[in-house]
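Written out below as C-alpha cells is the structure these notes cover.
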Amino acid sequence: MSNELDKRDDSLENNNLYSRIADLIEHARQKVASVVNLTMVHTYFEVGRMIVEDEQKGKDRAEYGKKVLKNLSARLTDKFGKGFSVENLDKMRFFYKTYSNSISSTVSTKLNSANNSIDTIRKKQAIEFQNDPDQTDVAKSGHFTLSWSHYLILMRIENSAERSFYEIESKNGNWSEKQLKRQYHSSLYERLALSRNKQDVMKLANEGHTIVKPEDILKNPLTLEFLGIEEKESYTESDLEHAIISKLQQFLLELGKGFLFEARQKRFTFDDEHYFVDLVFYNRLLQCYVLIDLKIDKLTHQDLGQMQMYVNYYDRVEKREFEKPTIGILLCKKKSTALVELTLPEDANIYASEYSLYLPDKQLLQQKLTEWLHEFDDL
C-alpha cells in the first residue's frame with residue numbers, strides 16, 4: 001500500500017514539474033517569436049528608408065526606381081529566399097513613408113544597439129525574463145509593437161489620427177489581424193468619434209478607447225453584421241436576442257472594453273409581478289451593471305420608462321456600496337434623441353443606441369465626422 005502511495009505522489013510531482021517546465025518553454029518560445037517579429041518590422045522600416053533615400057538622389061525617378069527594385073529583389077531573394085519580391089520591397093518603402101513622420105530617424109541606431117542577431121537575442125532571453133518577464137530590449141527599443149501583418153493593414157489608413165487609434169487598440173486589445181480588419185471595416189473609429197465631443201475625439205488618436213464615464217461605452221451605431229440576420233428579414237426581439245447569445249464573443253468585442261456577460265432574460269419580481277431584462281452585463285472598468293433591452297420597433301416613451309424602472313431596481317437592490325450607478329441602454333433600430341431628452345431627467349443614466357445589421361458605409365461616416373468637426377471649429 002505504501003509503495004502505491006509513493007508511486008502516486010511521484011506521479012503527481014512529475015506531472016507538476018512537467019507542467020511548470022512546459023509552461024516556461026512555451027512562454028520562452030512566444031517571447032522569442034515576439035522579439036523576432038518586432039525585429040523584422042524594424043528591419044523592414046529600415047529597408048524602406050534606404051530605398052526612399054536612394055530614390056531621392058536626383059536620378060530619373062520612374063524608370064530608375066523600377067530598375068533598382070527589380071535588381072534588388074533578385075539579389076536579395078537569391079541570398080535570403082522568398083519575402084523580398086518587388087511588391088514586398090515596395091510595401092517596405094511605403095511603410096517607411098507612412099511612418100517616417102511619427103518615428104524617430106534613430107530607429108536604425110536602436111535596431112543596431114538591440115543586437116538584432118537572432119542568436120544574440122535568444123541568449124539574452126533568460127536574463128531578460130528574470131529582470132522583466134514582460135519586455136525585452138528590442139520591444140523597448142522602438143515605436144513598433146505589432147506584427148508586420150498588422151502594419152500591412154495600418155499603413156493603408158490615410159488619416160493619421162485614425163491609424164494611431166487602431167494601432168493603440170490592436171496593441172491594448174491584443175487584436176489578431178482578422179479582428180483588426182473587422183474593426184476597421186466596421187468603422188469603429190468613426191462610430192466612437194461621432195459619439196463624443198471634439199476633445200474626446202482627439203484622445204482617441206492619442207490614447208485609444210478609454211472608459212472613464214458611462215457615455216464612453218456608447219457607439220452609434222452598434223454594428224451587428226456578424227449575427228447573420230438579413231436587413232429585410234422578418235425577425236423578432238427574441239430572434240435578435242438568441243442570435244446575440246449564439247455569437248456572444250463577437251458581441252462582447254463589438255460592445256468594447258471591460259464587458260462581462262451575466263445573464264439573459266434576468267427576472268426580478270416587484271409588487272407580485274415578474275419583469276425580465278433582456279441582457280445583463282457588468283463593466284469592470286466602470287464598476288457597474290449595464291442593462292440592455294432590445295427593440296426592433298420604434299422607440300417609445302414607455303420603453304424609456306420601463307428601462308428607468310430596471311435601472312432603479314438594480315441601483316436599489318443589486319448594486320453594492322462600492323459600485324457605480326447602473327447604466328441602461330435601449331438598443332433599437334432607430335433612436336430618437338429628442339424623445340430620450342424629453343422623457344428622462346438630465347441626470348438619467350439611460351441611453352438609446354442604434355444597431356445596424358450590416359457594415360456601415362465608411363466613406364459616409366468619414367464625411368459626417370469631417371462635417372461634425374468643422375461645426376466645432378466654426379463655433
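Please note that chains go A, B, ... in the order of the C-alpha cells, that every chain numbers its residues from 1, and that ligands are numbered from 1 in the order shown.
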
(message) Quick one: residues within 12 Å of Ser176 (chain A), only C-alpha atoms, excluding same-chain residues fewer than 4 positions away - as an MDAnalysis selection string?
(response) chainID A and resid 146:151 153 166:167 169:172 180:183

Could the residues in this selection be saved with C-alpha atoms as a PDB file, in the first residue's frame?
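Printed below is result.pdb as written:
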ATOM      1  CA  LEU A 146       2.700  44.853 -33.667  1.00  0.00           C
ATOM      2  CA  SER A 147       3.383  42.259 -36.326  1.00  0.00           C
ATOM      3  CA  TRP A 148       4.179  43.026 -39.957  1.00  0.00           C
ATOM      4  CA  SER A 149       0.725  41.685 -40.921  1.00  0.00           C
ATOM      5  CA  HIS A 150      -0.894  44.338 -38.720  1.00  0.00           C
ATOM      6  CA  TYR A 151       1.180  47.117 -40.249  1.00  0.00           C
ATOM      7  CA  ILE A 153      -3.307  46.949 -42.787  1.00  0.00           C
ATOM      8  CA  TYR A 166      -6.233  51.357 -34.488  1.00  0.00           C
ATOM      9  CA  GLU A 167      -2.560  50.801 -33.665  1.00  0.00           C
ATOM     10  CA  GLU A 169      -6.297  49.425 -29.823  1.00  0.00           C
ATOM     11  CA  SER A 170      -4.623  46.494 -31.600  1.00  0.00           C
ATOM     12  CA  LYS A 171      -1.838  46.546 -29.041  1.00  0.00           C
ATOM     13  CA  ASN A 172      -4.027  47.065 -25.962  1.00  0.00           C
ATOM     14  CA  LEU A 180      -8.201  44.497 -36.760  1.00  0.00           C
ATOM     15  CA  LYS A 181      -9.678  44.146 -40.248  1.00  0.00           C
ATOM     16  CA  ARG A 182     -13.164  43.690 -38.854  1.00  0.00           C
ATOM     17  CA  GLN A 183     -12.935  46.697 -36.539  1.00  0.00           C
TER      18      GLN A 183
END

(request) Run DSSP on the backbone of this structure and report the residues of region 189-292 of chain A it assigns to strand (DSSP E), as a PyMOL selection string. (result) chain A and resi 222-223+259-270+273-283+288-292

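Here the DSSP assignment of helix (DSSP H, G or I), based on backbone atoms, applies within region 252-317 of chain A to Leu252, Leu253, Glu254, Leu255, His301, Gln302, Asp303, Leu304, Gly305, Gln306, Met307, Gln308, Met309, Tyr310, Val311, Asn312, Tyr313, Tyr314, Asp315, Arg316 and Val317 of chain A.
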
(message) Need to verify the contact set: region 71-76 of chain A, 8 Å, only C-alpha atoms, exclusion of same-chain residues closer than 3 positions in sequence. Can you return it as a count of residues only?
(response) 9

Any idea what's packed within 10 Å of Ile217 (chain A), counting only C-alpha atoms, ignoring anything in its chain fewer than 6 positions away? Could you give it as a PDB file with C-alpha atoms, in the first residue's frame?
ATOM      1  CA  LEU A 192     -16.789  56.183 -31.427  1.00  0.00           C
ATOM      2  CA  SER A 195     -20.477  59.640 -30.009  1.00  0.00           C
ATOM      3  CA  HIS A 209     -10.626  53.940 -26.473  1.00  0.00           C
ATOM      4  CA  THR A 210     -10.569  54.844 -22.776  1.00  0.00           C
ATOM      5  CA  ILE A 211     -13.522  54.067 -20.480  1.00  0.00           C
ATOM      6  CA  LEU A 255     -19.557  46.270 -27.157  1.00  0.00           C
ATOM      7  CA  GLY A 256     -15.990  47.221 -26.273  1.00  0.00           C
ATOM      8  CA  LYS A 257     -13.703  47.112 -23.276  1.00  0.00           C
ATOM      9  CA  GLY A 258     -14.413  45.698 -19.852  1.00  0.00           C
ATOM     10  CA  PHE A 259     -17.737  43.948 -20.505  1.00  0.00           C
ATOM     11  CA  ASN A 283     -18.434  46.606 -16.932  1.00  0.00           C
ATOM     12  CA  LEU A 286     -16.761  51.482 -14.818  1.00  0.00           C
ATOM     13  CA  VAL A 290     -25.107  47.594 -17.801  1.00  0.00           C
TER      14      VAL A 290
END

(request) Write out as JSON, numbers by chain each polymer residue whose atoms come within 6 Å of Phe165 (chain A), counting only C-alpha atoms; drop sequence neighbours fewer than 2 positions from it. (result) {"A": [162, 163, 167, 168, 204, 205, 208]}

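If you look at CA of Leu38 (chain A) and CA of Ile21 (chain A), they are 25.7 Å away from each other.
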
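Residue nearest Lys298 (chain A) within the list A:Leu252, A:Ala352, A:Thr326, A:Leu279: A:Ala352 [criterion: smallest interatomic distance, only C-alpha atoms].
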
Using 12 Å as the limit and counting only C-alpha atoms, can you tabulate each residue of region 312-357 of chain A that touches region 225-238 of chain A, with its shortest atom-to-atom distance in Å and the two atoms involved, as JSON lines?
{"residue": "A:Leu331", "atom": "CA", "partner": "A:Glu237", "partner_atom": "CA", "distance": 10.5}
{"residue": "A:Cys332", "atom": "CA", "partner": "A:Glu237", "partner_atom": "CA", "distance": 10.0}
{"residue": "A:Lys333", "atom": "CA", "partner": "A:Glu231", "partner_atom": "CA", "distance": 10.6}
{"residue": "A:Tyr355", "atom": "CA", "partner": "A:Glu225", "partner_atom": "CA", "distance": 9.6}
{"residue": "A:Ser356", "atom": "CA", "partner": "A:Glu225", "partner_atom": "CA", "distance": 7.1}
{"residue": "A:Leu357", "atom": "CA", "partner": "A:Glu225", "partner_atom": "CA", "distance": 4.5}

Output C-alpha atoms for every residue in that selection, as a CSV table (one decimal), in the first residue's frame.
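Wrote it out as selection18.csv, contents follow:
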chain,number,residue,atom,x,y,z
A,331,LEU,CA,-30.6,49.0,-28.4
A,332,CYS,CA,-33.0,50.0,-31.1
A,333,LYS,CA,-33.4,50.0,-34.9
A,355,TYR,CA,-27.8,49.0,-34.1
A,356,SER,CA,-27.1,48.0,-37.7
A,357,LEU,CA,-27.2,44.5,-39.2

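Using only C-alpha atoms, the smallest distance between any of A:Tyr351, A:Phe251, A:Tyr184, A:Phe270 and Leu291 (chain A) comes from A:Tyr351.
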